[in-house]
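In what follows, a structure is listed as structure tokens, so that the remarks can point back to it.
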Protein chains: 2
Amino acid sequence: MKNTAQVDVLESMALGRALAAHSHELKNVLAIVGEAAGLAEDILALQRMRNPESAMPEDMAARVDKALGSITAQVERGHKLTSDLNMLAHLPDRRLEPTLPDVDLSLIAGLACRMLERNARRAHVQLSPPAAVGATAPADAQGCLAACLVLLEWIYKSRQPGEEVAVAAVDGAPAIEIPDAPDLDGLPEDVRRLTESAGMELETDNDRLRVTLMGV
Amino acid sequence: MKNTAQVDVLESMALGRALAAHSHELKNVLAIVGEAAGLAEDILALQRMRNPESAMPEDMAARVDKALGSITAQVERGHKLTSDLNMLAHLPDRRLEPTLPDVDLSLIAGLACRMLERNARRAHVQLSPPAAVGATAPADAQGCLAACLVLLEWIYKSRQPGEEVAVAAVDGAPAIEIPDAPDLDGLPEDVRRLTESAGMELETDNDRLRVTLMGV
């Protein structure tokens, strides 16, 4: 039923706005949780300081502290996850606003690594996002993410348990590199289609895969 | 750069899988937070019961209880939000698995209401999702959601502060109804395109808008 590219743009914009709204709601949830946990910690610490003689036994206090501390740690983890969702929500923005900045493939690949982390972990493979940023190219950010997702899925599934897939930015180029990549002759059809559609060029040199965002 | 519908399908599937993984991670975050808050409550209650003489002053205990209670309430709210994200993540599934069940427009409209709630609340308009379910029709769930989102956005923005947009399922029909809808002559172009592409038919009878999912 989709007859125009315009429908796709409108659809992705509407879904992006809705996802952004829900990410913000989740950020609020986490912020309230974090504040409440901090408040409870403060009150308990104050009580101990003021009335050391009536304080609860140390082992119980330690268990309460540990529980509140784990809440704070989870809130931190949740904030990172919702920031990723917010980034995901805003990927289509450039489809309607071509004046927005160009796409940095290493940032997109980093998001893809984080979103695949859970599944890679189950296969006991570590996905490491690029530590640095790269150069930018005009491209469709959402298409780039989808391409990175299927490409990295293909790569981590080729690895043995305990191995790492280390994605690196290429200094000064709109490209990323991944060592020990599988042979491009075995590139699955969906990976070929999505990388091609996103304007990416794949080449290997001594098993080192370089993905260059040619721009569209 | 998108040259085939197949690329769109592959793209939406890859993004859906990644969104589903992140929703699950957030569910885990919330589950750990909820358990930790419950544990802290239990330990504090146990301490009070065992050593009432060394218990902390009532006002302090009440403040700690209130903080822990607000964590539990926010976890509940967060779980609803992540369930919505999970539903959003699985909308494209039917694009590759046409044997999956048909689409219930009232469920999709309910999701759209919840995802627009934050923005509608800012305009002081209440968006009420359908209370019942309707009949199903073969359609693209993600396209239906995008269409519902822009349609409901258009409708709630036409309302005065304090008003309600009540979406109702139509018994036995793959349709929803919305009373006091604006005139269809003023239907924005994006709403027309997305509802048409999703296979929806719009008609008004005495300002009551009926949206029927004709199926695709």
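By convention here, the chains of the structure tokens are called A, B, ... in the order presented, each chain's residues are numbered starting at 1, and ligands are numbered starting at 1 in the order presented.
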Using only C-alpha atoms, select each residue of chain B with any atom at most 6 Å away from an atom of chain A, and give the selection as a short mmCIF file (atom, residue, chain, number, x, y, z; two decimals) with N, CA, C and O atoms, in the first residue's frame.
data_model
loop_
_atom_site.label_atom_id
_atom_site.label_comp_id
_atom_site.auth_asym_id
_atom_site.auth_seq_id
_atom_site.Cartn_x
_atom_site.Cartn_y
_atom_site.Cartn_z
N MET B 1 17.47 7.02 -1.84
CA MET B 1 18.27 5.83 -2.01
C MET B 1 17.45 4.55 -1.84
O MET B 1 17.90 3.49 -2.17
N LYS B 2 16.24 4.70 -1.24
CA LYS B 2 15.43 3.51 -1.05
C LYS B 2 14.79 3.16 -2.38
O LYS B 2 14.01 3.92 -2.92
N GLU B 11 14.55 -2.79 6.89
CA GLU B 11 14.92 -1.71 7.79
C GLU B 11 14.03 -1.71 9.04
O GLU B 11 14.53 -1.63 10.16
N ALA B 14 14.88 -4.62 11.34
CA ALA B 14 16.13 -4.45 12.09
C ALA B 14 15.94 -3.45 13.23
O ALA B 14 16.37 -3.69 14.37
N LEU B 15 15.26 -2.35 12.95
CA LEU B 15 15.03 -1.34 13.99
C LEU B 15 14.12 -1.90 15.07
O LEU B 15 14.31 -1.64 16.26
N ALA B 18 16.03 -4.16 17.42
CA ALA B 18 16.89 -3.39 18.31
C ALA B 18 16.06 -2.69 19.39
O ALA B 18 16.44 -2.66 20.57
N VAL B 29 15.86 -3.25 34.14
CA VAL B 29 16.22 -2.15 35.04
C VAL B 29 15.09 -1.90 36.03
O VAL B 29 15.30 -1.83 37.25
N VAL B 33 14.97 -2.41 40.13
CA VAL B 33 14.62 -1.27 40.98
C VAL B 33 13.44 -1.62 41.89
O VAL B 33 13.45 -1.36 43.10
N ALA B 36 14.52 -4.04 44.64
CA ALA B 36 15.38 -3.39 45.64
C ALA B 36 14.54 -2.50 46.57
O ALA B 36 14.75 -2.48 47.78
N ALA B 40 14.16 -3.03 50.61
CA ALA B 40 14.45 -1.98 51.59
C ALA B 40 13.23 -1.76 52.50
O ALA B 40 13.37 -1.63 53.72
N SER B 54 13.92 1.11 69.46
CA SER B 54 15.02 1.80 68.80
C SER B 54 14.62 2.29 67.40
O SER B 54 15.47 2.62 66.58
N VAL B 64 10.64 8.12 54.68
CA VAL B 64 11.32 7.03 53.97
C VAL B 64 10.29 6.14 53.26
O VAL B 64 10.45 5.78 52.09
N ALA B 67 9.07 7.82 50.15
CA ALA B 67 10.06 7.77 49.07
C ALA B 67 10.07 6.39 48.41
O ALA B 67 10.04 6.28 47.18
N ILE B 71 8.88 5.14 44.54
CA ILE B 71 9.69 4.32 43.63
C ILE B 71 8.83 3.20 43.05
O ILE B 71 8.81 2.96 41.84
N GLN B 74 6.48 4.52 40.44
CA GLN B 74 7.15 4.88 39.19
C GLN B 74 7.57 3.64 38.41
O GLN B 74 7.56 3.63 37.18
N MET B 115 0.86 7.06 23.49
CA MET B 115 2.11 7.67 23.05
C MET B 115 1.96 9.18 22.82
O MET B 115 2.94 9.92 22.81
N ALA B 146 1.17 4.87 12.64
CA ALA B 146 1.57 6.19 12.16
C ALA B 146 0.34 7.01 11.76
O ALA B 146 0.22 8.20 12.08
N SER B 197 -2.76 5.36 2.95
CA SER B 197 -1.74 4.33 2.75
C SER B 197 -1.95 3.15 3.70
O SER B 197 -1.63 2.00 3.37
#
Legend entry - Every residue of segment 29-176 of chain B that DSSP places in strand (DSSP E), as a PyMOL selection string: chain B and resi 103-104+126-128+136-137+164-166+168-169+175-176
Inset, instruction - Can you work out the spacing between atom CA of Leu151 of chain A and atom CA of Ala181 of chain A in Å, to one decimal? - result: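 It comes out at 10.3 Å.
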Legend entry - All residues 7 Å or closer to segment 164-177 of chain A, only C-alpha atoms, same chain fewer than 5 positions away omitted, as a list in words: Asp104, Leu105, Ser106, Val125, Gln126, Leu127, Ser128, Pro129, Pro130, Ala131, Ala132, Val133, Gly134, Ala135, Thr136, Ala137, Tyr156, Arg208, Leu209, Arg210, Val211, Thr212 and Leu213 of chain A
Inset, instruction - as a PyMOL selection string, please: all residues of segment 139-198 of chain B that backbone DSSP puts in helix (DSSP H, G or I). - result: chain B and resi 141-157+184-186+189-197
